[in-house]
file upload-v1.cif (mmCIF, C-alpha atoms)
data_entry
#
loop_
_atom_site.label_atom_id
_atom_site.label_comp_id
_atom_site.auth_asym_id
_atom_site.auth_seq_id
_atom_site.Cartn_x
_atom_site.Cartn_y
_atom_site.Cartn_z
CA MET A 1 10.62 14.96 11.78
CA LEU A 2 8.56 12.31 10.01
CA VAL A 3 5.16 13.78 10.90
CA GLY A 4 3.20 14.37 7.71
CA LEU A 5 5.40 11.91 5.81
CA VAL A 6 5.10 8.59 7.64
CA GLU A 7 2.03 6.95 9.18
CA GLN A 8 3.61 3.86 10.68
CA LEU A 9 6.71 1.68 10.88
CA TRP A 10 6.33 -2.10 11.04
CA TYR A 11 8.47 -5.17 11.54
CA VAL A 12 7.61 -8.83 10.88
CA ALA A 13 9.68 -11.92 11.65
CA ASP A 14 8.40 -15.35 10.58
CA ARG A 15 11.07 -17.96 9.91
CA ARG A 16 8.40 -20.41 8.74
CA ALA A 17 7.09 -18.11 5.99
CA ARG A 18 6.92 -19.82 2.61
CA GLY A 19 4.77 -19.98 -0.50
CA ARG A 20 3.07 -17.09 -2.22
CA GLU A 21 0.32 -14.73 -1.16
CA VAL A 22 -2.07 -12.32 -2.81
CA LYS A 23 -1.84 -8.76 -1.50
CA LEU A 24 -5.03 -6.87 -2.20
CA PRO A 25 -4.77 -3.22 -3.33
CA THR A 26 -4.91 -0.58 -0.59
CA THR A 27 -4.46 3.17 -0.21
CA ARG A 28 -1.11 2.66 1.54
CA ALA A 29 2.26 3.23 -0.11
CA GLN A 30 5.26 1.70 1.62
CA ILE A 31 9.02 1.37 1.70
CA VAL A 32 9.81 -2.32 2.28
CA ILE A 33 13.15 -3.62 3.59
CA ASN A 34 14.12 -7.29 3.40
CA LEU A 35 16.38 -7.82 6.42
CA ASP A 36 16.99 -11.50 5.65
CA ALA A 37 18.02 -11.48 1.97
CA ASP A 38 19.26 -9.17 -0.77
CA GLN A 39 16.14 -9.02 -2.94
CA LEU A 40 12.38 -8.57 -3.07
CA THR A 41 10.11 -9.88 -5.81
CA THR A 42 6.51 -9.47 -6.83
CA ARG A 43 4.16 -10.36 -9.64
CA PRO A 44 2.43 -7.06 -10.45
CA SER A 45 -0.71 -8.82 -11.61
CA VAL A 46 -2.56 -11.92 -10.49
CA THR A 47 -3.24 -12.82 -14.12
CA GLU A 48 0.22 -12.16 -15.60
CA PRO A 49 3.37 -14.32 -15.13
CA ALA A 50 5.87 -11.43 -15.23
CA VAL A 51 8.02 -11.00 -12.10
CA VAL A 52 9.58 -7.75 -10.84
CA THR A 53 12.79 -8.13 -8.81
CA THR A 54 14.54 -5.40 -6.81
CA GLY A 55 17.30 -5.13 -4.24
CA PRO A 56 16.58 -5.46 -0.49
CA VAL A 57 14.91 -2.03 -0.27
CA ALA A 58 11.91 -1.26 -2.48
CA VAL A 59 9.35 1.49 -2.80
CA SER A 60 5.90 -0.03 -3.09
CA PRO A 61 3.44 2.61 -4.37
CA LEU A 62 -0.32 2.36 -4.18
CA ALA A 63 -1.05 -0.72 -6.27
CA PRO A 64 -4.06 -0.30 -8.58
CA THR A 65 -4.77 -4.06 -8.49
CA ALA A 66 -3.86 -7.16 -6.47
CA VAL A 67 -0.25 -8.40 -6.64
CA ILE A 68 1.45 -11.65 -5.68
CA LEU A 69 4.28 -11.72 -3.13
CA ASP A 70 6.81 -14.39 -2.22
CA ARG A 71 6.32 -15.14 1.49
CA SER A 72 9.78 -16.71 1.78
CA GLU A 73 11.10 -13.13 1.48
CA GLN A 74 9.10 -12.09 4.54
CA ARG A 75 11.00 -14.06 7.16
CA ARG A 76 12.44 -10.85 8.57
CA THR A 77 11.06 -7.69 7.01
CA ALA A 78 10.53 -4.07 8.01
CA GLY A 79 8.52 -1.35 6.38
CA ILE A 80 7.57 2.30 6.40
CA VAL A 81 3.94 3.18 5.65
CA LEU A 82 3.86 6.60 4.01
CA CYS A 83 1.14 9.21 4.14
CA PRO A 84 -0.49 8.80 0.70
CA GLU A 85 0.17 12.38 -0.41
CA ALA A 86 3.85 12.07 0.63
CA LEU A 87 4.87 9.33 -1.82
CA GLY A 88 6.10 11.67 -4.56
CA ALA A 89 7.87 13.96 -2.08
CA VAL A 90 9.59 11.06 -0.30
CA ALA A 91 10.62 9.33 -3.53
CA GLY A 92 11.80 12.59 -5.07
CA VAL A 93 10.05 11.75 -8.35
CA ALA A 94 6.49 11.84 -9.66
CA ALA A 95 4.68 9.02 -7.86
CA GLU A 96 2.97 7.94 -11.08
CA SER A 97 6.38 7.09 -12.57
CA LEU A 98 7.13 4.40 -9.98
CA GLU A 99 6.82 0.72 -10.84
CA VAL A 100 4.57 -1.53 -8.75
CA LEU A 101 7.77 -2.42 -6.86
CA ALA A 102 10.53 0.14 -7.47
CA ASP A 103 14.14 -0.58 -6.56
CA ALA A 104 15.02 2.06 -3.96
CA THR A 105 18.62 2.19 -5.20
CA GLU A 106 17.35 3.40 -8.57
CA VAL A 107 15.20 6.00 -6.80
CA TRP A 108 17.64 7.25 -4.13
CA GLY A 109 21.03 5.86 -5.09
CA PRO A 110 23.51 4.51 -2.48
CA VAL A 111 21.55 5.88 0.49
CA ALA A 112 19.05 3.07 -0.05
CA ASP A 113 21.80 0.49 0.47
CA HIS A 114 22.86 2.32 3.62
CA LEU A 115 19.28 2.21 4.90
CA ALA A 116 19.27 -1.57 4.45
CA GLU A 117 22.59 -1.88 6.32
CA VAL A 118 21.40 0.28 9.20
CA ALA A 119 18.10 -1.59 9.50
CA GLY A 120 19.77 -5.00 9.29
CA ALA A 121 22.10 -4.14 12.17
CA GLY A 122 19.18 -4.03 14.60
CA CYS A 123 19.27 -6.77 17.23
CA ASN A 124 15.46 -7.08 17.35
CA GLY A 125 12.29 -5.55 15.91
CA PRO A 126 12.08 -2.39 18.05
CA ASP A 127 15.81 -1.74 17.61
CA SER A 128 15.52 -2.07 13.83
CA LEU A 129 12.54 0.31 13.78
CA ASP A 130 14.42 2.90 15.85
CA ARG A 131 17.37 2.70 13.47
CA ILE A 132 15.10 3.00 10.42
CA GLU A 133 13.28 5.99 11.89
CA ALA A 134 16.53 7.86 12.61
CA GLU A 135 18.06 7.07 9.22
CA LEU A 136 14.90 7.98 7.35
CA ALA A 137 14.64 11.30 9.18
CA ALA A 138 18.18 12.13 8.08
CA MET A 139 17.47 11.04 4.50
CA LEU A 140 14.33 13.17 4.21
CA ARG A 141 15.58 16.28 5.99
CA ASP A 142 15.82 18.32 2.80
CA ARG A 143 12.95 16.77 0.86
CA THR A 144 10.15 18.85 -0.63
CA GLU A 145 7.03 19.03 1.50
CA PRO A 146 4.04 16.93 0.36
CA ASP A 147 1.39 18.65 -1.73
CA ALA A 148 -0.93 20.39 0.77
CA ALA A 149 -3.81 20.56 -1.71
CA CYS A 150 -3.64 16.81 -2.28
CA ARG A 151 -3.56 16.23 1.47
CA ALA A 152 -6.71 18.31 1.87
CA ALA A 153 -8.35 16.59 -1.11
CA ILE A 154 -7.65 13.17 0.40
CA SER A 155 -9.47 14.22 3.56
CA HIS A 156 -12.50 15.12 1.46
CA LEU A 157 -12.30 11.94 -0.64
CA ARG A 158 -12.26 9.87 2.55
CA GLY A 159 -15.53 11.56 3.44
CA ALA A 160 -17.06 10.32 0.15
CA VAL A 161 -17.00 13.80 -1.41
CA PRO A 162 -17.07 13.57 -5.24
CA VAL A 163 -13.82 14.38 -7.00
CA GLY A 164 -15.14 17.55 -8.64
CA GLU A 165 -16.42 18.90 -5.34
CA ALA A 166 -13.17 17.95 -3.58
CA ALA A 167 -11.26 19.95 -6.21
CA ARG A 168 -13.52 22.96 -5.67
CA ARG A 169 -13.03 22.79 -1.90
CA VAL A 170 -9.24 22.87 -2.20
CA GLY A 171 -9.33 25.70 -4.73
CA LEU A 172 -8.27 23.77 -7.83
CA SER A 173 -9.87 22.84 -11.11
CA GLN A 174 -10.61 19.12 -11.41
CA SER A 175 -7.98 18.68 -14.13
CA THR A 176 -5.32 20.40 -12.02
CA LEU A 177 -6.18 18.26 -9.00
CA VAL A 178 -5.94 15.10 -11.12
CA ARG A 179 -2.52 16.14 -12.43
CA ARG A 180 -1.13 17.02 -9.01
CA PHE A 181 -2.71 13.98 -7.40
CA ARG A 182 -1.03 11.65 -9.90
CA ALA A 183 2.33 13.26 -9.18
CA ALA A 184 1.92 13.16 -5.39
CA VAL A 185 -0.06 9.96 -4.82
CA GLY A 186 0.52 7.92 -7.98
CA MET A 187 -3.02 7.56 -9.29
CA THR A 188 -6.09 9.63 -10.06
CA PRO A 189 -8.41 10.83 -7.27
CA LYS A 190 -11.18 8.66 -8.73
CA ARG A 191 -9.04 5.52 -8.55
CA TYR A 192 -8.00 6.42 -5.02
CA GLN A 193 -11.62 6.79 -3.97
CA ARG A 194 -12.44 3.40 -5.51
CA LEU A 195 -9.72 1.86 -3.33
CA LEU A 196 -11.09 3.63 -0.26
CA ARG A 197 -14.46 1.99 -0.83
CA LEU A 198 -12.84 -1.39 -1.44
CA GLU A 199 -10.96 -1.11 1.86
CA ARG A 200 -14.20 -0.34 3.66
CA VAL A 201 -15.92 -3.36 2.11
CA ILE A 202 -13.04 -5.58 3.22
CA MET A 203 -13.02 -4.23 6.77
CA LEU A 204 -16.80 -4.38 7.24
CA SER A 205 -17.20 -7.89 5.78
CA GLY A 206 -14.32 -9.14 7.91
CA ARG A 207 -16.30 -8.42 11.06
CA GLU A 208 -19.07 -10.90 10.21
CA ASN A 209 -19.10 -14.67 9.88
CA THR A 210 -21.72 -14.36 7.15
CA PRO A 211 -21.46 -10.90 5.59
CA ASP A 212 -24.63 -9.13 4.51
CA TRP A 213 -23.25 -8.06 1.15
CA ALA A 214 -26.30 -5.98 0.23
CA ALA A 215 -26.09 -3.94 3.45
CA ILE A 216 -22.33 -3.56 3.14
CA SER A 217 -22.70 -2.42 -0.46
CA ALA A 218 -25.19 0.26 0.53
CA ASP A 219 -23.09 1.38 3.50
CA CYS A 220 -20.02 1.75 1.28
CA GLY A 221 -21.80 3.86 -1.32
CA TYR A 222 -22.32 1.37 -4.14
CA ALA A 223 -25.46 1.44 -6.24
CA ASP A 224 -26.22 -2.15 -5.28
CA GLN A 225 -24.58 -5.49 -4.45
CA SER A 226 -23.91 -6.23 -8.11
CA HIS A 227 -22.04 -2.94 -8.47
CA MET A 228 -19.93 -3.73 -5.40
CA ALA A 229 -19.13 -7.25 -6.61
CA HIS A 230 -18.09 -5.95 -10.03
CA GLU A 231 -15.78 -3.34 -8.47
CA PHE A 232 -14.32 -5.85 -6.02
CA THR A 233 -13.54 -8.30 -8.82
CA ASP A 234 -12.17 -5.60 -11.11
CA LEU A 235 -9.75 -4.34 -8.44
CA THR A 236 -8.67 -7.67 -6.93
CA SER A 237 -9.30 -10.29 -9.67
CA PHE A 238 -11.41 -12.28 -7.17
CA SER A 239 -15.06 -12.25 -6.21
CA PRO A 240 -16.01 -11.07 -2.68
CA THR A 241 -17.19 -14.58 -1.84
CA ALA A 242 -13.96 -16.27 -2.95
CA TRP A 243 -11.94 -13.76 -0.95
CA ARG A 244 -14.11 -14.16 2.16
CA CYS A 245 -13.79 -17.96 2.10
CA ALA A 246 -9.99 -17.77 1.87
CA VAL A 247 -9.16 -14.89 4.20
CA ALA A 248 -7.39 -15.63 7.50
CA SER A 249 -5.94 -13.17 10.04
CA ASN A 250 -4.96 -10.36 7.66
CA PRO A 251 -7.82 -9.49 5.29
CA PHE A 252 -5.46 -7.88 2.76
CA HIS A 253 -3.04 -10.83 2.51
CA VAL A 254 -4.29 -14.27 1.48
CA ALA A 255 -2.32 -17.40 0.55
CA VAL A 256 -2.41 -18.03 -3.20
CA ASP A 257 -3.30 -21.69 -2.71
CA ASP A 258 -6.35 -20.67 -0.68
CA PHE A 259 -7.61 -18.53 -3.54
CA LEU A 260 -6.91 -21.22 -6.09
CA GLN A 261 -8.66 -23.84 -3.99
CA ASP A 262 -11.66 -21.63 -3.28
CA GLY A 263 -11.85 -19.92 -6.85
CA GLU A 264 3.55 -12.18 14.09
CA GLY A 265 4.62 -8.40 14.00
CA ASP A 266 5.43 -5.14 15.84
CA THR A 267 4.18 -1.72 14.76
CA LYS A 268 5.30 1.80 15.63
CA SER A 269 3.28 4.89 14.78
CA GLY A 270 5.01 7.70 12.94
#
call {"tool": "encode", "arguments": {"input": "upload-v1.cif", "output": "structure tokens"}}
result
Amino acid sequence: MLVGLVEQLWYVADRRARGREVKLPTTRAQIVINLDADQLTTRPSVTEPAVVTTGPVAVSPLAPTAVILDRSEQRRTAGIVLCPEALGAVAGVAAESLEVLADATEVWGPVADHLAEVAGAGCNGPDSLDRIEAELAAMLRDRTEPDAACRAAISHLRGAVPVGEAARRVGLSQSTLVRRFRAAVGMTPKRYQRLLRLERVIMLSGRENTPDWAAISADCGYADQSHMAHEFTDLTSFSPTAWRCAVASNPFHVAVDDFLQDGEGDTKSG
């Protein structure tokens, strides 16, 4: 039932979680459920003090830049990773209209509260994920199918095909693809492709104790190392070197204090 809509379900329990962390931008949109408290908060920008607060269930679209999360709200949390082209269809609104952390009650109404209740009744991680999967399948039974052209375009973009050529291959003008992509995914194809390259830089550099930034830059399609560093900083607010010095087990989540100082979970495939 969730094939083509959901990539993965996850559950994390860490009673010791505290402090804040930087979450780097990725090409993954999620529905996040706080099973331990009645709210979720985020700072939508590393450089801005504003805080966004929602209820216990939030829709987290593809973030164009790094955001700051409160780890004390991650002591018992579950999530649904959506197929990128399914965000608009699942939310029932244009993906580009969603805030960096959108209150699911404002998107779906009372069914979001019911999802939180069902998930919270789970006696452990796998039980909570089973309950979430069943409830989500019921919620999305009558939803519009994701945009097939955007799905095909994403496949081409992941293969480093230029946006204009990707549009031609799916039978759309570039302007039409951009419009439909924003509605389905929440950003332009160009921005999405920039995030794809950033993800590849992060994954490749995480495999080495001393990353060869020049080689990684070339492998990821940047003009040179300077181009890569500029893009990395523009998208994350941190230099590649500062990120690499601070990163621990999860390359996309880094403690805020580590960045300032240096300038356990289950998963279930959908």
call {"tool": "residues_around", "arguments": {"input": "upload-v1.cif", "residues": "Ala66 of chain A", "least_positions_apart": "5", "cutoff": "8 Å", "atoms": "all atoms listed in the file", "output": "PyMOL selection string"}}
result
chain A and resi 22-25+44-46+235-237
call {"tool": "write_last_selection", "arguments": {"input": "upload-v1.cif", "atoms": "C-alpha atoms", "output": "mmCIF file, keeping the file's coordinate frame"}}
result
data_model
loop_
_atom_site.group_PDB
_atom_site.id
_atom_site.type_symbol
_atom_site.label_atom_id
_atom_site.label_comp_id
_atom_site.auth_asym_id
_atom_site.auth_seq_id
_atom_site.Cartn_x
_atom_site.Cartn_y
_atom_site.Cartn_z
ATOM 1 C CA VAL A 22 -2.070 -12.320 -2.810
ATOM 2 C CA LYS A 23 -1.840 -8.760 -1.500
ATOM 3 C CA LEU A 24 -5.030 -6.870 -2.200
ATOM 4 C CA PRO A 25 -4.770 -3.220 -3.330
ATOM 5 C CA PRO A 44 2.430 -7.060 -10.450
ATOM 6 C CA SER A 45 -0.710 -8.820 -11.610
ATOM 7 C CA VAL A 46 -2.560 -11.920 -10.490
ATOM 8 C CA LEU A 235 -9.750 -4.340 -8.440
ATOM 9 C CA THR A 236 -8.670 -7.670 -6.930
ATOM 10 C CA SER A 237 -9.300 -10.290 -9.670
#
call {"tool": "atom_distance", "arguments": {"input": "upload-v1.cif", "atom1": "atom CA of Trp243 of chain A", "atom2": "atom CA of Ser72 of chain A"}}
result
22.1 Å
call {"tool": "closest_residue", "arguments": {"input": "upload-v1.cif", "among": "A:Glu208, A:Glu199, A:Glu48, A:Asp234", "to": "Cys220 of chain A", "atoms": "only C-alpha atoms"}}
result
A:Glu199
call {"tool": "atom_distance", "arguments": {"input": "upload-v1.cif", "atom1": "atom CA of Ala94 of chain A", "atom2": "atom CA of Ala183 of chain A"}}
result
4.4 Å
call {"tool": "closest_residue", "arguments": {"input": "upload-v1.cif", "among": "A:Gln30, A:Thr233, A:Thr47, A:Gln193", "to": "Ile68 of chain A", "atoms": "all atoms listed in the file"}}
result
A:Thr47
call {"tool": "resolve_selection", "arguments": {"input": "upload-v1.cif", "expression": "the PyMOL selection byres ((chain A and resi 202) around 12)", "output": "mmCIF file with C-alpha atoms, keeping the file's coordinate frame"}}
result
data_model
loop_
_atom_site.group_PDB
_atom_site.id
_atom_site.type_symbol
_atom_site.label_atom_id
_atom_site.label_comp_id
_atom_site.auth_asym_id
_atom_site.auth_seq_id
_atom_site.Cartn_x
_atom_site.Cartn_y
_atom_site.Cartn_z
ATOM 1 C CA LEU A 24 -5.030 -6.870 -2.200
ATOM 2 C CA PRO A 25 -4.770 -3.220 -3.330
ATOM 3 C CA THR A 26 -4.910 -0.580 -0.590
ATOM 4 C CA LEU A 195 -9.720 1.860 -3.330
ATOM 5 C CA LEU A 196 -11.090 3.630 -0.260
ATOM 6 C CA ARG A 197 -14.460 1.990 -0.830
ATOM 7 C CA LEU A 198 -12.840 -1.390 -1.440
ATOM 8 C CA GLU A 199 -10.960 -1.110 1.860
ATOM 9 C CA ARG A 200 -14.200 -0.340 3.660
ATOM 10 C CA VAL A 201 -15.920 -3.360 2.110
ATOM 11 C CA MET A 203 -13.020 -4.230 6.770
ATOM 12 C CA LEU A 204 -16.800 -4.380 7.240
ATOM 13 C CA SER A 205 -17.200 -7.890 5.780
ATOM 14 C CA GLY A 206 -14.320 -9.140 7.910
ATOM 15 C CA ARG A 207 -16.300 -8.420 11.060
ATOM 16 C CA GLU A 208 -19.070 -10.900 10.210
ATOM 17 C CA PRO A 211 -21.460 -10.900 5.590
ATOM 18 C CA TRP A 213 -23.250 -8.060 1.150
ATOM 19 C CA ILE A 216 -22.330 -3.560 3.140
ATOM 20 C CA SER A 217 -22.700 -2.420 -0.460
ATOM 21 C CA CYS A 220 -20.020 1.750 1.280
ATOM 22 C CA MET A 228 -19.930 -3.730 -5.400
ATOM 23 C CA ALA A 229 -19.130 -7.250 -6.610
ATOM 24 C CA PHE A 232 -14.320 -5.850 -6.020
ATOM 25 C CA THR A 236 -8.670 -7.670 -6.930
ATOM 26 C CA SER A 239 -15.060 -12.250 -6.210
ATOM 27 C CA PRO A 240 -16.010 -11.070 -2.680
ATOM 28 C CA THR A 241 -17.190 -14.580 -1.840
ATOM 29 C CA TRP A 243 -11.940 -13.760 -0.950
ATOM 30 C CA ARG A 244 -14.110 -14.160 2.160
ATOM 31 C CA VAL A 247 -9.160 -14.890 4.200
ATOM 32 C CA ASN A 250 -4.960 -10.360 7.660
ATOM 33 C CA PRO A 251 -7.820 -9.490 5.290
ATOM 34 C CA PHE A 252 -5.460 -7.880 2.760
ATOM 35 C CA HIS A 253 -3.040 -10.830 2.510
#
call {"tool": "closest_residue", "arguments": {"input": "upload-v1.cif", "among": "A:Asn209, A:Thr42, A:Gln8, A:Thr53", "to": "Ala78 of chain A", "atoms": "only C-alpha atoms"}}
result
A:Gln8
call {"tool": "closest_residue", "arguments": {"input": "upload-v1.cif", "among": "A:Val57, A:Ala17, A:Ala37, A:Ala167", "to": "Arg71 of chain A", "atoms": "only C-alpha atoms"}}
result
A:Ala17
call {"tool": "residues_around", "arguments": {"input": "upload-v1.cif", "residues": "segment 83-92 of chain A", "least_positions_apart": "6", "cutoff": "7 Å", "atoms": "only C-alpha atoms", "output": "number ranges by chain"}}
result
A: 4-7, 27-29, 107, 140, 143-147, 150-151, 183-185
call {"tool": "write_last_selection", "arguments": {"input": "upload-v1.cif", "atoms": "C-alpha atoms", "output": "PDB file, keeping the file's coordinate frame"}}
result
ATOM      1  CA  GLY A   4       3.200  14.370   7.710  1.00  0.00           C
ATOM      2  CA  LEU A   5       5.400  11.910   5.810  1.00  0.00           C
ATOM      3  CA  VAL A   6       5.100   8.590   7.640  1.00  0.00           C
ATOM      4  CA  GLU A   7       2.030   6.950   9.180  1.00  0.00           C
ATOM      5  CA  THR A  27      -4.460   3.170  -0.210  1.00  0.00           C
ATOM      6  CA  ARG A  28      -1.110   2.660   1.540  1.00  0.00           C
ATOM      7  CA  ALA A  29       2.260   3.230  -0.110  1.00  0.00           C
ATOM      8  CA  VAL A 107      15.200   6.000  -6.800  1.00  0.00           C
ATOM      9  CA  LEU A 140      14.330  13.170   4.210  1.00  0.00           C
ATOM     10  CA  ARG A 143      12.950  16.770   0.860  1.00  0.00           C
ATOM     11  CA  THR A 144      10.150  18.850  -0.630  1.00  0.00           C
ATOM     12  CA  GLU A 145       7.030  19.030   1.500  1.00  0.00           C
ATOM     13  CA  PRO A 146       4.040  16.930   0.360  1.00  0.00           C
ATOM     14  CA  ASP A 147       1.390  18.650  -1.730  1.00  0.00           C
ATOM     15  CA  CYS A 150      -3.640  16.810  -2.280  1.00  0.00           C
ATOM     16  CA  ARG A 151      -3.560  16.230   1.470  1.00  0.00           C
ATOM     17  CA  ALA A 183       2.330  13.260  -9.180  1.00  0.00           C
ATOM     18  CA  ALA A 184       1.920  13.160  -5.390  1.00  0.00           C
ATOM     19  CA  VAL A 185      -0.060   9.960  -4.820  1.00  0.00           C
TER      20      VAL A 185
END
call {"tool": "closest_residue", "arguments": {"input": "upload-v1.cif", "among": "A:Val111, A:Val81, A:Ala119, A:Ala149", "to": "Gln174 of chain A", "atoms": "all atoms listed in the file"}}
result
A:Ala149
call {"tool": "closest_residue", "arguments": {"input": "upload-v1.cif", "among": "A:Val161, A:Leu9, A:Ala255, A:Thr54", "to": "Arg131 of chain A", "atoms": "only C-alpha atoms"}}
result
A:Leu9
call {"tool": "resolve_selection", "arguments": {"input": "upload-v1.cif", "expression": "the PyMOL selection byres ((chain A and resi 100) around 9)", "output": "VMD selection string"}}
result
chain A and resid 42 to 44 52 59 to 64 67 98 to 99 101 to 102
call {"tool": "atom_distance", "arguments": {"input": "upload-v1.cif", "atom1": "atom CA of Ile132 of chain A", "atom2": "atom CA of Ser249 of chain A"}}
result
26.5 Å
call {"tool": "axis_aligned_box", "arguments": {"input": "upload-v1.cif", "around": "segment 214-221 of chain A", "padding_each_side": "8 Å", "output": "JSON"}}
result
{"center_x": -23.2, "center_y": -1.1, "center_z": 1.1, "size_x": 22.3, "size_y": 25.8, "size_z": 20.8}
call {"tool": "resolve_selection", "arguments": {"input": "upload-v1.cif", "expression": "the PyMOL selection byres ((chain A and resi 189) around 8)", "output": "PyMOL selection string"}}
result
chain A and resi 157+163+177-178+181-182+187-188+190-193
call {"tool": "decode", "arguments": {"input": "upload-v1.cif", "residues": "segment 63-75 of chain A", "atoms": "N, CA and C atoms", "output": "JSON list (two decimals), in the first residue's frame"}}
result
[["chain", "number", "residue", "atom", "x", "y", "z"],
["A", 63, "ALA", "N", 14.65, 20.23, 3.41],
["A", 63, "ALA", "CA", 15.15, 21.52, 3.89],
["A", 63, "ALA", "C", 16.21, 22.05, 2.92],
["A", 64, "PRO", "N", 16.09, 23.30, 2.50],
["A", 64, "PRO", "CA", 17.08, 23.85, 1.56],
["A", 64, "PRO", "C", 18.42, 24.16, 2.21],
["A", 65, "THR", "N", 18.43, 24.29, 3.55],
["A", 65, "THR", "CA", 19.67, 24.58, 4.28],
["A", 65, "THR", "C", 19.68, 23.78, 5.57],
["A", 66, "ALA", "N", 20.77, 23.88, 6.32],
["A", 66, "ALA", "CA", 20.87, 23.20, 7.61],
["A", 66, "ALA", "C", 19.90, 23.81, 8.62],
["A", 67, "VAL", "N", 19.38, 22.98, 9.53],
["A", 67, "VAL", "CA", 18.50, 23.43, 10.59],
["A", 67, "VAL", "C", 19.04, 22.93, 11.92],
["A", 68, "ILE", "N", 18.52, 23.50, 13.02],
["A", 68, "ILE", "CA", 18.95, 23.08, 14.34],
["A", 68, "ILE", "C", 17.79, 22.40, 15.06],
["A", 69, "LEU", "N", 18.04, 21.22, 15.62],
["A", 69, "LEU", "CA", 17.03, 20.44, 16.32],
["A", 69, "LEU", "C", 17.35, 20.36, 17.81],
["A", 70, "ASP", "N", 16.32, 20.16, 18.60],
["A", 70, "ASP", "CA", 16.48, 19.97, 20.04],
["A", 70, "ASP", "C", 16.54, 18.47, 20.31],
["A", 71, "ARG", "N", 17.70, 17.97, 20.72],
["A", 71, "ARG", "CA", 17.88, 16.53, 20.92],
["A", 71, "ARG", "C", 17.06, 16.00, 22.10],
["A", 72, "SER", "N", 16.67, 16.85, 23.04],
["A", 72, "SER", "CA", 15.87, 16.38, 24.16],
["A", 72, "SER", "C", 14.49, 15.92, 23.69],
["A", 73, "GLU", "N", 14.09, 16.30, 22.47],
["A", 73, "GLU", "CA", 12.83, 15.86, 21.90],
["A", 73, "GLU", "C", 12.99, 14.58, 21.09],
["A", 74, "GLN", "N", 14.17, 13.98, 21.15],
["A", 74, "GLN", "CA", 14.43, 12.77, 20.38],
["A", 74, "GLN", "C", 14.63, 11.55, 21.29],
["A", 75, "ARG", "N", 14.11, 11.62, 22.49],
["A", 75, "ARG", "CA", 14.31, 10.51, 23.43],
["A", 75, "ARG", "C", 13.51, 9.28, 23.03]]
